[in-house]
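Structure file model-v3.pdb; described as PDB, C-alpha atoms, pLDDT in the B column.
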```pdb
ATOM      1  CA  MET A  52     164.541 203.982  -5.117  1.00 58.00           C
ATOM      2  CA  MET A  53     167.041 202.631  -7.603  1.00 57.00           C
ATOM      3  CA  PRO A  54     168.467 199.144  -7.177  1.00 60.00           C
ATOM      4  CA  PRO A  55     172.163 198.964  -6.342  1.00 63.00           C
ATOM      5  CA  PRO A  56     174.474 198.506  -9.324  1.00 60.00           C
ATOM      6  CA  PRO A  57     175.471 194.905 -10.053  1.00 55.00           C
ATOM      7  CA  LYS A  58     178.728 193.692  -8.591  1.00 55.00           C
ATOM      8  CA  ARG A  59     181.562 193.739 -11.039  1.00 54.00           C
ATOM      9  CA  ILE A  60     183.745 190.718 -11.348  1.00 50.00           C
ATOM     10  CA  PRO A  61     187.372 191.611 -11.942  1.00 49.00           C
ATOM     11  CA  PRO A  62     188.577 190.407 -15.341  1.00 50.00           C
ATOM     12  CA  ARG A  63     190.889 187.450 -15.431  1.00 53.00           C
ATOM     13  CA  GLY A  64     194.168 187.509 -17.216  1.00 49.00           C
ATOM     14  CA  PRO A  65     194.494 185.822 -20.589  1.00 54.00           C
ATOM     15  CA  LEU A  66     193.949 182.082 -20.410  1.00 56.00           C
ATOM     16  CA  LYS A  67     196.533 179.732 -21.787  1.00 69.00           C
ATOM     17  CA  THR A  68     195.192 177.969 -24.809  1.00 71.00           C
ATOM     18  CA  SER A  69     196.343 174.594 -25.940  1.00 81.00           C
ATOM     19  CA  ALA A  70     197.043 173.663 -29.553  1.00 86.00           C
ATOM     20  CA  ARG A  71     193.764 171.718 -29.575  1.00 84.00           C
ATOM     21  CA  GLN A  72     191.799 174.786 -28.450  1.00 81.00           C
ATOM     22  CA  ARG A  73     193.455 176.992 -31.068  1.00 83.00           C
ATOM     23  CA  VAL A  74     192.662 174.486 -33.856  1.00 85.00           C
ATOM     24  CA  LEU A  75     189.045 174.188 -32.691  1.00 81.00           C
ATOM     25  CA  ALA A  76     188.707 177.963 -32.544  1.00 82.00           C
ATOM     26  CA  GLN A  77     190.012 178.292 -36.106  1.00 86.00           C
ATOM     27  CA  TRP A  78     187.733 175.521 -37.370  1.00 86.00           C
ATOM     28  CA  ARG A  79     184.633 176.945 -35.606  1.00 82.00           C
ATOM     29  CA  GLY A  80     185.468 180.514 -36.509  1.00 84.00           C
ATOM     30  CA  VAL A  81     185.013 181.563 -32.891  1.00 82.00           C
ATOM     31  CA  ASP A  82     186.959 180.904 -29.710  1.00 80.00           C
ATOM     32  CA  LEU A  83     184.653 179.200 -27.222  1.00 76.00           C
ATOM     33  CA  ALA A  84     187.409 178.271 -24.764  1.00 74.00           C
ATOM     34  CA  PRO A  85     186.530 181.001 -22.203  1.00 76.00           C
ATOM     35  CA  LEU A  86     182.865 179.985 -22.283  1.00 75.00           C
ATOM     36  CA  GLU A  87     183.666 176.287 -21.996  1.00 74.00           C
ATOM     37  CA  SER A  88     186.047 176.843 -19.096  1.00 72.00           C
ATOM     38  CA  ALA A  89     183.463 179.018 -17.322  1.00 71.00           C
ATOM     39  CA  GLN A  90     180.841 176.271 -17.638  1.00 71.00           C
ATOM     40  CA  ALA A  91     183.171 173.457 -16.597  1.00 70.00           C
ATOM     41  CA  LEU A  92     182.702 172.215 -13.070  1.00 69.00           C
ATOM     42  CA  ARG A  93     185.666 172.703 -10.848  1.00 72.00           C
ATOM     43  CA  ALA A  94     186.568 169.416  -9.211  1.00 75.00           C
ATOM     44  CA  ARG A  95     187.217 169.534  -5.472  1.00 77.00           C
ATOM     45  CA  ARG A  96     188.299 166.989  -2.927  1.00 85.00           C
ATOM     46  CA  ILE A  97     185.403 165.316  -1.128  1.00 84.00           C
ATOM     47  CA  GLY A  98     187.051 166.074   2.201  1.00 86.00           C
ATOM     48  CA  ASP A  99     186.781 169.786   1.434  1.00 84.00           C
ATOM     49  CA  VAL A 100     183.149 169.657   0.333  1.00 83.00           C
ATOM     50  CA  LEU A 101     181.540 167.160   2.719  1.00 84.00           C
ATOM     51  CA  PRO A 102     181.725 169.176   5.977  1.00 85.00           C
ATOM     52  CA  ARG A 103     179.982 172.121   4.351  1.00 85.00           C
ATOM     53  CA  VAL A 104     177.286 169.904   2.827  1.00 83.00           C
ATOM     54  CA  ALA A 105     176.681 168.204   6.187  1.00 80.00           C
ATOM     55  CA  ALA A 106     176.443 171.594   7.908  1.00 81.00           C
ATOM     56  CA  ASP A 107     174.031 172.905   5.248  1.00 82.00           C
ATOM     57  CA  LEU A 108     171.806 169.859   5.686  1.00 80.00           C
ATOM     58  CA  ARG A 109     172.014 170.127   9.500  1.00 75.00           C
ATOM     59  CA  MET A 110     172.802 166.437   9.728  1.00 75.00           C
ATOM     60  CA  ASP A 111     173.758 166.498  13.426  1.00 71.00           C
ATOM     61  CA  SER A 112     170.477 168.046  14.522  1.00 70.00           C
ATOM     62  CA  ARG A 113     168.455 165.751  12.284  1.00 75.00           C
ATOM     63  CA  ARG A 114     170.247 162.721  13.679  1.00 79.00           C
ATOM     64  CA  ALA A 115     169.306 163.855  17.199  1.00 75.00           C
ATOM     65  CA  GLU A 116     165.663 164.273  16.112  1.00 78.00           C
ATOM     66  CA  ILE A 117     165.598 160.765  14.679  1.00 82.00           C
ATOM     67  CA  GLU A 118     167.134 159.305  17.827  1.00 85.00           C
ATOM     68  CA  VAL A 119     164.534 161.035  20.025  1.00 85.00           C
ATOM     69  CA  VAL A 120     161.705 159.626  17.911  1.00 82.00           C
ATOM     70  CA  LYS A 121     163.228 156.128  18.029  1.00 85.00           C
ATOM     71  CA  VAL A 122     163.767 156.128  21.788  1.00 88.00           C
ATOM     72  CA  TRP A 123     160.552 157.969  22.748  1.00 90.00           C
ATOM     73  CA  ASN A 124     158.465 154.772  22.833  1.00 88.00           C
ATOM     74  CA  ASP A 125     160.946 152.979  25.115  1.00 88.00           C
ATOM     75  CA  LEU A 126     161.710 155.847  27.512  1.00 89.00           C
ATOM     76  CA  ILE A 127     158.246 157.232  28.139  1.00 91.00           C
ATOM     77  CA  ASP A 128     155.263 155.620  29.867  1.00 90.00           C
ATOM     78  CA  PRO A 129     153.144 153.683  27.310  1.00 91.00           C
ATOM     79  CA  ASN A 130     150.003 155.552  28.417  1.00 91.00           C
ATOM     80  CA  ILE A 131     151.647 158.841  27.433  1.00 92.00           C
ATOM     81  CA  VAL A 132     153.140 157.405  24.239  1.00 92.00           C
ATOM     82  CA  ALA A 133     149.638 156.450  23.124  1.00 93.00           C
ATOM     83  CA  HIS A 134     148.608 160.119  23.221  1.00 93.00           C
ATOM     84  CA  ALA A 135     151.803 162.127  22.653  1.00 94.00           C
ATOM     85  CA  GLN A 136     154.477 161.907  19.946  1.00 93.00           C
ATOM     86  CA  PRO A 137     157.549 164.072  19.287  1.00 92.00           C
ATOM     87  CA  ALA A 138     157.146 166.359  16.282  1.00 90.00           C
ATOM     88  CA  GLY A 139     160.518 168.073  16.055  1.00 86.00           C
ATOM     89  CA  LEU A 140     163.593 169.335  17.821  1.00 86.00           C
ATOM     90  CA  ARG A 141     164.767 172.907  17.261  1.00 86.00           C
ATOM     91  CA  LYS A 142     167.384 174.865  19.203  1.00 86.00           C
ATOM     92  CA  GLY A 143     167.144 172.619  22.254  1.00 88.00           C
ATOM     93  CA  THR A 144     163.339 172.577  22.387  1.00 91.00           C
ATOM     94  CA  LEU A 145     161.533 169.292  21.790  1.00 91.00           C
ATOM     95  CA  PHE A 146     158.055 169.861  20.342  1.00 93.00           C
ATOM     96  CA  VAL A 147     155.535 167.166  21.234  1.00 94.00           C
ATOM     97  CA  ASN A 148     152.058 166.819  19.726  1.00 95.00           C
ATOM     98  CA  VAL A 149     149.332 165.629  22.086  1.00 95.00           C
ATOM     99  CA  ASP A 150     146.035 164.258  20.750  1.00 94.00           C
ATOM    100  CA  SER A 151     143.568 165.762  23.265  1.00 93.00           C
ATOM    101  CA  ASN A 152     143.148 168.627  25.726  1.00 94.00           C
ATOM    102  CA  VAL A 153     142.715 166.196  28.596  1.00 94.00           C
ATOM    103  CA  TRP A 154     146.061 164.507  27.950  1.00 94.00           C
ATOM    104  CA  LEU A 155     147.739 167.841  27.276  1.00 93.00           C
ATOM    105  CA  SER A 156     146.629 169.097  30.675  1.00 93.00           C
ATOM    106  CA  GLU A 157     147.654 165.833  32.388  1.00 92.00           C
ATOM    107  CA  ILE A 158     151.116 165.835  30.839  1.00 93.00           C
ATOM    108  CA  VAL A 159     151.836 169.523  31.363  1.00 92.00           C
ATOM    109  CA  ARG A 160     150.660 169.519  34.983  1.00 93.00           C
ATOM    110  CA  TYR A 161     151.938 166.225  36.290  1.00 93.00           C
ATOM    111  CA  ARG A 162     154.338 164.493  33.888  1.00 93.00           C
ATOM    112  CA  ARG A 163     156.394 167.239  32.174  1.00 93.00           C
ATOM    113  CA  LYS A 164     159.294 167.123  34.670  1.00 94.00           C
ATOM    114  CA  GLU A 165     159.514 163.322  34.568  1.00 93.00           C
ATOM    115  CA  ILE A 166     159.570 163.265  30.755  1.00 93.00           C
ATOM    116  CA  LEU A 167     162.160 166.037  30.550  1.00 94.00           C
ATOM    117  CA  ASP A 168     164.404 164.330  33.143  1.00 94.00           C
ATOM    118  CA  ARG A 169     164.320 161.018  31.271  1.00 92.00           C
ATOM    119  CA  LEU A 170     165.103 162.602  27.922  1.00 92.00           C
ATOM    120  CA  GLN A 171     167.891 164.757  29.358  1.00 91.00           C
ATOM    121  CA  HIS A 172     169.394 161.720  31.064  1.00 92.00           C
ATOM    122  CA  SER A 173     169.465 159.891  27.713  1.00 89.00           C
ATOM    123  CA  PHE A 174     170.436 162.723  25.351  1.00 87.00           C
ATOM    124  CA  GLY A 175     171.986 165.407  27.548  1.00 87.00           C
ATOM    125  CA  ARG A 176     170.840 168.870  28.540  1.00 90.00           C
ATOM    126  CA  GLU A 177     172.495 170.492  25.506  1.00 86.00           C
ATOM    127  CA  VAL A 178     170.345 168.452  23.080  1.00 85.00           C
ATOM    128  CA  ILE A 179     167.027 168.762  24.935  1.00 90.00           C
ATOM    129  CA  ALA A 180     166.813 171.816  27.165  1.00 92.00           C
ATOM    130  CA  ARG A 181     163.019 172.322  27.059  1.00 93.00           C
ATOM    131  CA  ILE A 182     159.833 170.557  26.022  1.00 94.00           C
ATOM    132  CA  SER A 183     156.882 172.268  24.415  1.00 94.00           C
ATOM    133  CA  PHE A 184     153.628 170.317  24.364  1.00 94.00           C
ATOM    134  CA  ARG A 185     150.931 171.364  21.930  1.00 94.00           C
ATOM    135  CA  LEU A 186     147.607 170.090  20.720  1.00 92.00           C
ATOM    136  CA  GLY A 187     147.920 168.492  17.329  1.00 84.00           C
TER     137      GLY A 187
END
```

Written as structure tokens, how would this file's structure read?
Amino acid sequence: MMPPPPKRIPPRGPLKTSARQRVLAQWRGVDLAPLESAQALRARRIGDVLPRVAADLRMDSRRAEIEVVKVWNDLIDPNIVAHAQPAGLRKGTLFVNVDSNVWLSEIVRYRRKEILDRLQHSFGREVIARISFRLG
């Protein structure tokens, strides 16, 4: 199987050259203006760039994760906190690591609903829809 041909970039029209660029090209013996302009960074307004950067870094979801970790110790029973800690939040599912099989069984059987209700009351159902407990 042959790889697809590389994409062709349409050629740009002739660039305007300033007197400075023409003098430099004559002195160097070669015109480097197209190369220099291609390597130059294009300045953009911060207001245009920042939303995309924040979306790429998933800042909103990471902020929610940090808030859950901060509030976990205050919202949840100290006996559970001693054995279970949040590990991450992805697509509405909070992943919680539990340190032993005994506590995992206790939490999943008897305390899951209480923990989920407290977290949903504090953060909303759209942030935390489910909880997944795992040994770890």

>> I'd like the neighbourhood of A:Ile117 as a list in words, where a residue qualifies if any of its atoms comes within 10 Å (using all atoms listed in the file), though same-chain residues fewer than 6 positions away should be ignored.
In response: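 Answer for this query is Trp123, Pro137, Gly139 and Leu140 of chain A.
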
> Between atom CA of A:Phe184 and atom CA of A:Val149, what is the distance, to one decimal in Å?
Replying inline: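 Between atom CA of A:Phe184 and atom CA of A:Val149 the gap is 6.8 Å.
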
> What does the PyMOL selection byres ((chain A and resi 160-169) around 10) select in this file, as a PyMOL selection string?
Replying inline: chain A and resi 123+126-128+131+145+154-159+170-176+179-184

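Of the residues listed (A:Leu101, A:Val178, A:Ala94, A:Arg109), A:Val178 shows the shortest atom-to-atom separation from A:Gly143; distances use only C-alpha atoms.
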
>> What's around A:Gln72 at 12 Å? Count all atoms listed in the file, leave out sequence neighbours fewer than 2 positions away in its own chain, and write the answer as a count of residues only.
In response: 19

>> I'd like the interatomic distance between atom CA of A:Val119 and atom CA of A:Arg141, to a tenth of an Å.
In response: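 So the two atoms, atom CA of A:Val119 and atom CA of A:Arg141, lie 12.2 Å apart.
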
> So, counting only C-alpha atoms, which residue among A:Gln90, A:Asn148, A:Ile97, A:Gln136 is closest to A:Asn124?
Replying inline: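 Closest to A:Asn124, using only C-alpha atoms: A:Gln136.
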
> Hey, can you check how far atom CA of A:Asp111 sits from atom CA of A:Asp99?
Replying inline: 18.0 Å

Please complete stretch 81-109 of chain A so it has N, CA and C atoms, and hand it over as a tab-separated table (two decimals), in the coordinates of the input.
```tsv
chain	number	residue	atom	x	y	z
A	81	VAL	N	185.20	180.81	-34.13
A	81	VAL	CA	185.01	181.56	-32.89
A	81	VAL	C	185.71	180.80	-31.77
A	82	ASP	N	186.26	181.53	-30.82
A	82	ASP	CA	186.96	180.90	-29.71
A	82	ASP	C	185.98	180.73	-28.55
A	83	LEU	N	185.59	179.49	-28.30
A	83	LEU	CA	184.65	179.20	-27.22
A	83	LEU	C	185.35	178.75	-25.94
A	84	ALA	N	186.66	178.75	-25.93
A	84	ALA	CA	187.41	178.27	-24.76
A	84	ALA	C	187.02	179.00	-23.47
A	85	PRO	N	186.91	180.34	-23.47
A	85	PRO	CA	186.53	181.00	-22.20
A	85	PRO	C	185.14	180.57	-21.72
A	86	LEU	N	184.21	180.42	-22.64
A	86	LEU	CA	182.86	179.98	-22.28
A	86	LEU	C	182.87	178.56	-21.76
A	87	GLU	N	183.59	177.68	-22.43
A	87	GLU	CA	183.67	176.29	-22.00
A	87	GLU	C	184.32	176.17	-20.63
A	88	SER	N	185.38	176.93	-20.40
A	88	SER	CA	186.05	176.84	-19.10
A	88	SER	C	185.17	177.44	-17.99
A	89	ALA	N	184.37	178.44	-18.32
A	89	ALA	CA	183.46	179.02	-17.32
A	89	ALA	C	182.35	178.05	-16.95
A	90	GLN	N	181.92	177.22	-17.89
A	90	GLN	CA	180.84	176.27	-17.64
A	90	GLN	C	181.34	174.97	-17.03
A	91	ALA	N	182.62	174.70	-17.13
A	91	ALA	CA	183.17	173.46	-16.60
A	91	ALA	C	183.09	173.47	-15.07
A	92	LEU	N	182.75	172.34	-14.52
A	92	LEU	CA	182.70	172.22	-13.07
A	92	LEU	C	184.12	172.09	-12.53
A	93	ARG	N	184.36	172.78	-11.48
A	93	ARG	CA	185.67	172.70	-10.85
A	93	ARG	C	185.64	171.52	-9.88
A	94	ALA	N	186.51	170.58	-10.08
A	94	ALA	CA	186.57	169.42	-9.21
A	94	ALA	C	187.23	169.80	-7.89
A	95	ARG	N	186.66	169.29	-6.79
A	95	ARG	CA	187.22	169.53	-5.47
A	95	ARG	C	187.31	168.21	-4.72
A	96	ARG	N	188.18	168.19	-3.74
A	96	ARG	CA	188.30	166.99	-2.93
A	96	ARG	C	187.05	166.83	-2.07
A	97	ILE	N	186.61	165.58	-1.90
A	97	ILE	CA	185.40	165.32	-1.13
A	97	ILE	C	185.58	165.76	0.32
A	98	GLY	N	186.78	165.65	0.83
A	98	GLY	CA	187.05	166.07	2.20
A	98	GLY	C	186.85	167.56	2.41
A	99	ASP	N	187.00	168.35	1.33
A	99	ASP	CA	186.78	169.79	1.43
A	99	ASP	C	185.31	170.15	1.33
A	100	VAL	N	184.55	169.34	0.62
A	100	VAL	CA	183.15	169.66	0.33
A	100	VAL	C	182.20	169.08	1.38
A	101	LEU	N	182.46	167.88	1.86
A	101	LEU	CA	181.54	167.16	2.72
A	101	LEU	C	181.18	167.89	4.02
A	102	PRO	N	182.13	168.48	4.75
A	102	PRO	CA	181.72	169.18	5.98
A	102	PRO	C	180.73	170.31	5.73
A	103	ARG	N	180.91	171.02	4.65
A	103	ARG	CA	179.98	172.12	4.35
A	103	ARG	C	178.60	171.58	3.98
A	104	VAL	N	178.57	170.51	3.20
A	104	VAL	CA	177.29	169.90	2.83
A	104	VAL	C	176.57	169.40	4.08
A	105	ALA	N	177.29	168.72	4.95
A	105	ALA	CA	176.68	168.20	6.19
A	105	ALA	C	176.16	169.35	7.05
A	106	ALA	N	176.90	170.44	7.12
A	106	ALA	CA	176.44	171.59	7.91
A	106	ALA	C	175.21	172.22	7.27
A	107	ASP	N	175.19	172.33	5.94
A	107	ASP	CA	174.03	172.90	5.25
A	107	ASP	C	172.78	172.05	5.45
A	108	LEU	N	172.95	170.75	5.50
A	108	LEU	CA	171.81	169.86	5.69
A	108	LEU	C	171.43	169.67	7.16
A	109	ARG	N	172.23	170.25	8.05
A	109	ARG	CA	172.01	170.13	9.50
A	109	ARG	C	171.89	168.67	9.91
```
